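Okay, structure first, notes after.
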Amino acid sequence: MHHLAPALLILFGLYGCASTSTNDNVAVEPAASPVATSPADKVEVPAPAPAEPAPEVVAEQELKLGITAYENGQHRKSQQHLKTALSLGLTGKSDKVAANKYLAFMACANKQRDVCRGYFRKALATDSKFELSKSEAGHPMWGSVFKEVKAEGKAKSTAKQ
């Protein structure tokens, strides 16, 4: 143990021990750092940028947001999300059909029958076997418009044969 005493004295001597004075107002300065650094010595390493999701992933997210907004009656917001989803390039056939179907519904609800027809045409161009559900097909605002567009497509395909 007596071998530690000189080492402890050196340690306390180098790093400055607290004063043994009973005066509480005496300021004790911290020991100086053995290596001085300046702000110029510090190198800021930028954090890596987070990877951006692929456009297809963002398109699918936009589709989901658009459908949710539609179901919540937020049609303007729904249209924005659905149009963004289509512009980003939805990859699934059923996703493209769904986006165009909901856009058609909103156009018909706003009495924009030509715009509504256009979206139904795009949905049918993506999937010629696309059908509305029974309740959708019976809807007074877009049911008849869809039937017209569907009949139009059948007439064109028989004319080509």
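Here's how to read the names in the structure tokens: chain A, B, ... by the order shown, residue numbers from 1 in each chain, ligand numbers from 1 in the order shown.
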Could you tell me, as a PyMOL selection string, which residues of range 97-149 of chain A DSSP assigns to alpha helix (DSSP H) when given the backbone?
chain A and resi 97-109+113-126+134-137+143-149
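Excluding Lys93 in chain A itself and any same-chain residue fewer than 5 positions from it, the protein and nucleic acid residues within 10 Å of it, counting only C-alpha atoms, are Ala98, Ala123, Thr126 and Asp127 of chain A.
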Do a neighbour search on Lys129 in chain A at 12 Å with only C-alpha atoms, toss out local chain neighbours closer than 5 positions, and write the hits as number ranges by chain.
A: 93-94, 97, 121, 123-124, 150, 153-154
